[in-house]
Amino acid sequence: MLAFAPLHAAVGVAADTVTWLAGTLQPLTGGAATAAAIVLFTIAVRLLVSPLTLAQVRGERRRAALAPQVRDLQRRYADDPARLQSELFGLYRSAGASPVAGCLPALLQAPFFLVMYRLFSTGEGSTGGGTGDAGAGLLAERLAGVPLGWHLSDGLAGAAGPLFGALLAALVGLAWWSSRRARRAATAGTTPSGTTPSGTAVDGTTVAGGGTTAGGAGTAGGGATADGAVSAVLGRVLPLLPYLTVVVALVVPLAAVLYLVTTTAWTALEQAVLRRPQVSAGQPLDRNS
């Protein structure tokens, strides 16, 4: 258990913050204070990690800008994979880019989301709820008369049915929107040289990509064929990943569903604002993006 002590401490700090927010919001929101605190805390954490998201997007755009040069090198050194890899890394280094630059910011965001998910799905760290007991602490608070520790499997009587229905409908809509963008990116962004679409939203986070497969050093011949097959598989799988959030929402308590809706909506907003299609000179804008 000692290995998880830092995580438990972080969850405790998060729980104290949510409790403080709920107390502050109580005069304005009444019985919905804790639910409102969950939403505001989630937004605050997403703002906190937004510089990492910006770094990820900048890395993706740098690699996208290098794509024509990458394809030229792949044609030039089609028969010399070792030279091709050397030239590709030289190209990325001279441009101040990296084929894995988009992965590091995404990985750095993971601990934040782990802490938040653990807090809202178990109630760990909340007053009287350190053991994950849904009847104590944060998960004992209510929204529209439904305990925040309530699961879909506990029943849909009273306000639980409409409340879970509205939240799940929101998640399905957000998943459809993210899936649509991922499918369009897979169609427009996958090239014979092995580049793959990026920025697919999954459970409030994003799948880093946008570089060439195999670490940016796609190979020729059989390697190019393999890269094309991988890209084709990704093009079919990535649009389905956003719907995993809906599946998760079916088994977690109401507090975690609120978190999932908020963080997924924030991710959709980031997708719309930060990952707008880059229009080249003379290229018409796709108004359906």
# chains A, B, ... in the order shown; residues from 1 in each chain; ligands from 1
$ residues_around --residues "stretch 245-257 of chain A" --least-positions-apart "6" --cutoff "10 Å" --atoms "only C-alpha atoms" --output "ChimeraX atom specification"
/A:34-35,38-39,116-123,134,138-143,146-154,160,163-164,167-175,201-204,263-264
$ residues_around --residues "A:Ser50" --least-positions-apart "2" --cutoff "12 Å" --atoms "only C-alpha atoms" --output "mmCIF file with N, CA, C and O atoms, in the first residue's frame"
data_model
loop_
_atom_site.group_PDB
_atom_site.id
_atom_site.type_symbol
_atom_site.label_atom_id
_atom_site.label_comp_id
_atom_site.auth_asym_id
_atom_site.auth_seq_id
_atom_site.Cartn_x
_atom_site.Cartn_y
_atom_site.Cartn_z
ATOM 1 N N ILE A 43 -13.301 21.530 -14.250
ATOM 2 C CA ILE A 43 -12.914 22.606 -15.164
ATOM 3 C C ILE A 43 -11.599 23.235 -14.718
ATOM 4 O O ILE A 43 -10.720 23.536 -15.547
ATOM 5 N N ALA A 44 -11.434 23.432 -13.397
ATOM 6 C CA ALA A 44 -10.201 24.036 -12.889
ATOM 7 C C ALA A 44 -8.988 23.168 -13.200
ATOM 8 O O ALA A 44 -7.928 23.681 -13.607
ATOM 9 N N VAL A 45 -9.132 21.851 -13.033
ATOM 10 C CA VAL A 45 -8.013 20.954 -13.329
ATOM 11 C C VAL A 45 -7.713 20.945 -14.823
ATOM 12 O O VAL A 45 -6.551 20.944 -15.237
ATOM 13 N N ARG A 46 -8.749 20.954 -15.659
ATOM 14 C CA ARG A 46 -8.513 20.999 -17.106
ATOM 15 C C ARG A 46 -7.804 22.284 -17.507
ATOM 16 O O ARG A 46 -6.941 22.285 -18.389
ATOM 17 N N LEU A 47 -8.146 23.407 -16.853
ATOM 18 C CA LEU A 47 -7.422 24.649 -17.120
ATOM 19 C C LEU A 47 -5.968 24.530 -16.680
ATOM 20 O O LEU A 47 -5.060 25.038 -17.347
ATOM 21 N N LEU A 48 -5.754 23.858 -15.551
ATOM 22 C CA LEU A 48 -4.403 23.696 -15.028
ATOM 23 C C LEU A 48 -3.511 22.926 -15.990
ATOM 24 O O LEU A 48 -2.324 23.244 -16.147
ATOM 25 N N LEU A 52 -0.189 21.769 -21.141
ATOM 26 C CA LEU A 52 0.283 20.497 -21.685
ATOM 27 C C LEU A 52 -0.461 20.159 -22.970
ATOM 28 O O LEU A 52 0.123 19.643 -23.927
ATOM 29 N N THR A 53 -1.755 20.454 -22.992
ATOM 30 C CA THR A 53 -2.527 20.214 -24.209
ATOM 31 C C THR A 53 -2.029 21.094 -25.349
ATOM 32 O O THR A 53 -1.903 20.647 -26.492
ATOM 33 N N LEU A 54 -1.744 22.354 -25.040
ATOM 34 C CA LEU A 54 -1.219 23.264 -26.060
ATOM 35 C C LEU A 54 0.112 22.766 -26.600
ATOM 36 O O LEU A 54 0.364 22.827 -27.812
ATOM 37 N N ALA A 55 0.969 22.262 -25.709
ATOM 38 C CA ALA A 55 2.260 21.729 -26.151
ATOM 39 C C ALA A 55 2.055 20.527 -27.067
ATOM 40 O O ALA A 55 2.758 20.362 -28.072
ATOM 41 N N GLN A 56 1.084 19.692 -26.735
ATOM 42 C CA GLN A 56 0.787 18.532 -27.564
ATOM 43 C C GLN A 56 0.313 18.962 -28.953
ATOM 44 O O GLN A 56 0.760 18.418 -29.970
ATOM 45 N N VAL A 57 -0.576 19.952 -29.008
ATOM 46 C CA VAL A 57 -1.102 20.413 -30.291
ATOM 47 C C VAL A 57 0.007 21.055 -31.125
ATOM 48 O O VAL A 57 0.094 20.834 -32.339
ATOM 49 N N PRO A 105 3.235 15.226 -23.377
ATOM 50 C CA PRO A 105 2.195 16.001 -22.676
ATOM 51 C C PRO A 105 0.983 15.153 -22.315
ATOM 52 O O PRO A 105 0.393 15.322 -21.249
ATOM 53 N N ALA A 106 0.602 14.235 -23.205
ATOM 54 C CA ALA A 106 -0.548 13.372 -22.906
ATOM 55 C C ALA A 106 -0.264 12.482 -21.696
ATOM 56 O O ALA A 106 -1.124 12.276 -20.842
ATOM 57 N N LEU A 108 1.844 13.165 -19.260
ATOM 58 C CA LEU A 108 1.930 13.996 -18.064
ATOM 59 C C LEU A 108 0.548 14.350 -17.515
ATOM 60 O O LEU A 108 0.399 14.626 -16.322
ATOM 61 N N GLN A 109 -0.458 14.358 -18.391
ATOM 62 C CA GLN A 109 -1.819 14.658 -17.941
ATOM 63 C C GLN A 109 -2.445 13.480 -17.198
ATOM 64 O O GLN A 109 -3.353 13.659 -16.380
ATOM 65 N N PHE A 112 -3.205 13.476 -13.319
ATOM 66 C CA PHE A 112 -4.296 14.359 -12.915
ATOM 67 C C PHE A 112 -5.643 13.659 -13.090
ATOM 68 O O PHE A 112 -6.505 13.690 -12.204
ATOM 69 N N THR A 205 -9.494 12.662 -22.505
ATOM 70 C CA THR A 205 -8.127 12.862 -22.882
ATOM 71 C C THR A 205 -8.023 12.758 -24.383
ATOM 72 O O THR A 205 -9.000 12.500 -25.066
ATOM 73 N N TRP A 266 -15.256 19.372 -22.104
ATOM 74 C CA TRP A 266 -14.085 20.251 -22.202
ATOM 75 C C TRP A 266 -13.157 19.793 -23.328
ATOM 76 O O TRP A 266 -12.632 20.614 -24.088
ATOM 77 N N THR A 267 -12.960 18.490 -23.432
ATOM 78 C CA THR A 267 -12.116 17.961 -24.497
ATOM 79 C C THR A 267 -12.704 18.285 -25.868
ATOM 80 O O THR A 267 -11.979 18.635 -26.799
ATOM 81 N N LEU A 269 -14.513 20.841 -26.591
ATOM 82 C CA LEU A 269 -14.255 22.262 -26.818
ATOM 83 C C LEU A 269 -12.817 22.484 -27.268
ATOM 84 O O LEU A 269 -12.549 23.268 -28.186
ATOM 85 N N GLU A 270 -11.878 21.786 -26.611
ATOM 86 C CA GLU A 270 -10.475 21.890 -27.030
ATOM 87 C C GLU A 270 -10.294 21.414 -28.468
ATOM 88 O O GLU A 270 -9.549 22.028 -29.244
ATOM 89 N N LEU A 274 -8.681 24.201 -30.627
ATOM 90 C CA LEU A 274 -7.248 24.029 -30.844
ATOM 91 C C LEU A 274 -6.914 23.197 -32.073
ATOM 92 O O LEU A 274 -5.814 23.327 -32.617
#
$ residues_around --residues "A:Arg76" --least-positions-apart "5" --cutoff "12 Å" --atoms "only C-alpha atoms" --output "number ranges by chain"
A: 69-71, 81, 83-85, 87-88, 219-220
$ write_last_selection --atoms "all heavy atoms" --output "PDB file, in the first residue's frame"
ATOM      1  N   GLN A  69       8.072  17.025 -46.491  1.00  0.00           N
ATOM      2  CA  GLN A  69       9.497  16.678 -46.501  1.00  0.00           C
ATOM      3  C   GLN A  69       9.714  15.228 -46.100  1.00  0.00           C
ATOM      4  O   GLN A  69      10.620  14.565 -46.608  1.00  0.00           O
ATOM      5  CB  GLN A  69      10.258  17.607 -45.557  1.00  0.00           C
ATOM      6  CG  GLN A  69      10.179  19.082 -45.953  1.00  0.00           C
ATOM      7  CD  GLN A  69      10.848  19.988 -44.932  1.00  0.00           C
ATOM      8  OE1 GLN A  69      12.041  19.881 -44.706  1.00  0.00           O
ATOM      9  NE2 GLN A  69      10.063  20.867 -44.315  1.00  0.00           N
ATOM     10  N   VAL A  70       8.886  14.736 -45.186  1.00  0.00           N
ATOM     11  CA  VAL A  70       8.983  13.330 -44.783  1.00  0.00           C
ATOM     12  C   VAL A  70       8.680  12.428 -45.969  1.00  0.00           C
ATOM     13  O   VAL A  70       9.408  11.452 -46.231  1.00  0.00           O
ATOM     14  CB  VAL A  70       8.017  13.040 -43.617  1.00  0.00           C
ATOM     15  CG1 VAL A  70       7.908  11.536 -43.368  1.00  0.00           C
ATOM     16  CG2 VAL A  70       8.477  13.750 -42.354  1.00  0.00           C
ATOM     17  N   ARG A  71       7.630  12.755 -46.717  1.00  0.00           N
ATOM     18  CA  ARG A  71       7.291  11.937 -47.880  1.00  0.00           C
ATOM     19  C   ARG A  71       8.395  11.987 -48.935  1.00  0.00           C
ATOM     20  O   ARG A  71       8.700  10.977 -49.576  1.00  0.00           O
ATOM     21  CB  ARG A  71       5.961  12.415 -48.474  1.00  0.00           C
ATOM     22  CG  ARG A  71       4.756  12.047 -47.617  1.00  0.00           C
ATOM     23  CD  ARG A  71       3.469  12.256 -48.380  1.00  0.00           C
ATOM     24  NE  ARG A  71       3.215  13.669 -48.630  1.00  0.00           N
ATOM     25  CZ  ARG A  71       2.533  14.460 -47.799  1.00  0.00           C
ATOM     26  NH1 ARG A  71       2.050  13.970 -46.665  1.00  0.00           N
ATOM     27  NH2 ARG A  71       2.323  15.724 -48.094  1.00  0.00           N
ATOM     28  N   PRO A  81      16.473   1.841 -45.635  1.00  0.00           N
ATOM     29  CA  PRO A  81      15.736   2.166 -44.411  1.00  0.00           C
ATOM     30  C   PRO A  81      16.590   2.804 -43.327  1.00  0.00           C
ATOM     31  O   PRO A  81      16.131   3.706 -42.625  1.00  0.00           O
ATOM     32  CB  PRO A  81      15.184   0.810 -43.959  1.00  0.00           C
ATOM     33  CG  PRO A  81      15.146  -0.015 -45.201  1.00  0.00           C
ATOM     34  CD  PRO A  81      16.317   0.424 -46.015  1.00  0.00           C
ATOM     35  N   ARG A  83      19.296   4.704 -43.675  1.00  0.00           N
ATOM     36  CA  ARG A  83      19.553   6.100 -44.047  1.00  0.00           C
ATOM     37  C   ARG A  83      18.281   6.927 -43.902  1.00  0.00           C
ATOM     38  O   ARG A  83      18.331   8.093 -43.470  1.00  0.00           O
ATOM     39  CB  ARG A  83      20.065   6.154 -45.498  1.00  0.00           C
ATOM     40  CG  ARG A  83      20.315   7.558 -46.035  1.00  0.00           C
ATOM     41  CD  ARG A  83      21.469   8.239 -45.333  1.00  0.00           C
ATOM     42  NE  ARG A  83      21.648   9.609 -45.801  1.00  0.00           N
ATOM     43  CZ  ARG A  83      22.326   9.940 -46.914  1.00  0.00           C
ATOM     44  NH1 ARG A  83      22.906   8.982 -47.663  1.00  0.00           N
ATOM     45  NH2 ARG A  83      22.446  11.204 -47.270  1.00  0.00           N
ATOM     46  N   LEU A  84      17.157   6.330 -44.266  1.00  0.00           N
ATOM     47  CA  LEU A  84      15.882   7.033 -44.137  1.00  0.00           C
ATOM     48  C   LEU A  84      15.621   7.421 -42.683  1.00  0.00           C
ATOM     49  O   LEU A  84      15.258   8.564 -42.396  1.00  0.00           O
ATOM     50  CB  LEU A  84      14.739   6.146 -44.647  1.00  0.00           C
ATOM     51  CG  LEU A  84      13.312   6.652 -44.395  1.00  0.00           C
ATOM     52  CD1 LEU A  84      13.082   7.999 -45.075  1.00  0.00           C
ATOM     53  CD2 LEU A  84      12.293   5.625 -44.870  1.00  0.00           C
ATOM     54  N   GLN A  85      15.821   6.482 -41.771  1.00  0.00           N
ATOM     55  CA  GLN A  85      15.589   6.783 -40.363  1.00  0.00           C
ATOM     56  C   GLN A  85      16.517   7.881 -39.883  1.00  0.00           C
ATOM     57  O   GLN A  85      16.098   8.796 -39.148  1.00  0.00           O
ATOM     58  CB  GLN A  85      15.778   5.524 -39.517  1.00  0.00           C
ATOM     59  CG  GLN A  85      15.486   5.731 -38.043  1.00  0.00           C
ATOM     60  CD  GLN A  85      15.376   4.421 -37.284  1.00  0.00           C
ATOM     61  OE1 GLN A  85      15.172   3.373 -37.882  1.00  0.00           O
ATOM     62  NE2 GLN A  85      15.519   4.479 -35.979  1.00  0.00           N
ATOM     63  N   GLU A  87      17.895  10.275 -41.669  1.00  0.00           N
ATOM     64  CA  GLU A  87      17.488  11.549 -42.275  1.00  0.00           C
ATOM     65  C   GLU A  87      16.222  12.099 -41.625  1.00  0.00           C
ATOM     66  O   GLU A  87      16.090  13.316 -41.425  1.00  0.00           O
ATOM     67  CB  GLU A  87      17.264  11.366 -43.777  1.00  0.00           C
ATOM     68  CG  GLU A  87      18.524  11.061 -44.574  1.00  0.00           C
ATOM     69  CD  GLU A  87      19.459  12.260 -44.630  1.00  0.00           C
ATOM     70  OE1 GLU A  87      18.974  13.412 -44.505  1.00  0.00           O
ATOM     71  OE2 GLU A  87      20.673  12.048 -44.802  1.00  0.00           O
ATOM     72  N   LEU A  88      15.305  11.210 -41.283  1.00  0.00           N
ATOM     73  CA  LEU A  88      14.067  11.656 -40.651  1.00  0.00           C
ATOM     74  C   LEU A  88      14.339  12.280 -39.283  1.00  0.00           C
ATOM     75  O   LEU A  88      13.814  13.350 -38.965  1.00  0.00           O
ATOM     76  CB  LEU A  88      13.097  10.482 -40.507  1.00  0.00           C
ATOM     77  CG  LEU A  88      12.357  10.047 -41.780  1.00  0.00           C
ATOM     78  CD1 LEU A  88      11.577   8.767 -41.520  1.00  0.00           C
ATOM     79  CD2 LEU A  88      11.428  11.144 -42.268  1.00  0.00           C
ATOM     80  N   THR A 219       9.075   2.805 -43.160  1.00  0.00           N
ATOM     81  CA  THR A 219       9.989   2.163 -44.068  1.00  0.00           C
ATOM     82  C   THR A 219       9.312   1.914 -45.395  1.00  0.00           C
ATOM     83  O   THR A 219       8.106   2.027 -45.539  1.00  0.00           O
ATOM     84  CB  THR A 219      10.465   0.814 -43.483  1.00  0.00           C
ATOM     85  OG1 THR A 219       9.338   0.002 -43.207  1.00  0.00           O
ATOM     86  CG2 THR A 219      11.249   1.048 -42.191  1.00  0.00           C
ATOM     87  N   ALA A 220      10.098   1.535 -46.376  1.00  0.00           N
ATOM     88  CA  ALA A 220       9.597   1.334 -47.721  1.00  0.00           C
ATOM     89  C   ALA A 220       9.282  -0.136 -47.942  1.00  0.00           C
ATOM     90  O   ALA A 220       9.545  -0.988 -47.111  1.00  0.00           O
ATOM     91  CB  ALA A 220      10.635   1.817 -48.736  1.00  0.00           C
TER      92      ALA A 220
END
$ closest_residue --among "A:Pro27, A:Gly137, A:Val18, A:Leu66" --to "A:Phe89" --atoms "only C-alpha atoms"
A:Leu66
$ residues_around --residues "A:Val115" --least-positions-apart "4" --cutoff "7 Å" --atoms "only C-alpha atoms" --output "PyMOL selection string"
chain A and resi 7+10-11+111+119
$ write_last_selection --atoms "all heavy atoms" --output "mmCIF file, in the first residue's frame"
data_model
loop_
_atom_site.group_PDB
_atom_site.id
_atom_site.type_symbol
_atom_site.label_atom_id
_atom_site.label_comp_id
_atom_site.auth_asym_id
_atom_site.auth_seq_id
_atom_site.Cartn_x
_atom_site.Cartn_y
_atom_site.Cartn_z
ATOM 1 N N LEU A 7 -0.608 8.705 -4.318
ATOM 2 C CA LEU A 7 -1.912 8.816 -4.968
ATOM 3 C C LEU A 7 -2.995 9.086 -3.932
ATOM 4 O O LEU A 7 -3.863 9.944 -4.139
ATOM 5 C CB LEU A 7 -2.224 7.526 -5.736
ATOM 6 C CG LEU A 7 -3.602 7.433 -6.375
ATOM 7 C CD1 LEU A 7 -3.798 8.538 -7.390
ATOM 8 C CD2 LEU A 7 -3.805 6.064 -7.018
ATOM 9 N N ALA A 10 -2.798 12.676 -2.859
ATOM 10 C CA ALA A 10 -3.312 13.584 -3.893
ATOM 11 C C ALA A 10 -4.832 13.550 -3.931
ATOM 12 O O ALA A 10 -5.494 14.587 -4.084
ATOM 13 C CB ALA A 10 -2.737 13.208 -5.256
ATOM 14 N N VAL A 11 -5.402 12.356 -3.784
ATOM 15 C CA VAL A 11 -6.859 12.230 -3.778
ATOM 16 C C VAL A 11 -7.435 12.955 -2.562
ATOM 17 O O VAL A 11 -8.488 13.601 -2.644
ATOM 18 C CB VAL A 11 -7.275 10.744 -3.775
ATOM 19 C CG1 VAL A 11 -8.783 10.605 -3.566
ATOM 20 C CG2 VAL A 11 -6.877 10.084 -5.087
ATOM 21 N N PRO A 111 -1.697 11.469 -14.629
ATOM 22 C CA PRO A 111 -1.870 11.434 -13.168
ATOM 23 C C PRO A 111 -3.012 12.319 -12.677
ATOM 24 O O PRO A 111 -3.718 11.948 -11.731
ATOM 25 C CB PRO A 111 -0.513 11.933 -12.641
ATOM 26 C CG PRO A 111 0.455 11.633 -13.731
ATOM 27 C CD PRO A 111 -0.316 11.826 -14.998
ATOM 28 N N LEU A 119 -11.136 9.776 -7.156
ATOM 29 C CA LEU A 119 -11.925 10.518 -6.174
ATOM 30 C C LEU A 119 -13.419 10.372 -6.445
ATOM 31 O O LEU A 119 -14.208 10.061 -5.547
ATOM 32 C CB LEU A 119 -11.532 11.998 -6.191
ATOM 33 C CG LEU A 119 -12.431 12.945 -5.383
ATOM 34 C CD1 LEU A 119 -12.376 12.583 -3.898
ATOM 35 C CD2 LEU A 119 -12.009 14.387 -5.605
#
$ select_by_dssp --residues "stretch 48-171 of chain A" --states "strand (DSSP E or B)" --output "list in words"
Arg142, Leu143, Val146 and Pro147 of chain A
$ closest_residue --among "A:Leu28, A:Leu91, A:Ala65, A:Ala265" --to "A:Thr42" --atoms "only C-alpha atoms"
A:Ala265
$ atom_distance --atom1 "atom CA of A:Leu40" --atom2 "atom CA of A:Leu21"
8.2 Å
$ atom_distance --atom1 "atom CA of A:Val273" --atom2 "atom CA of A:Ala166"
25.3 Å
$ atom_distance --atom1 "atom CA of A:Arg184" --atom2 "atom CA of A:Arg276"
12.3 Å
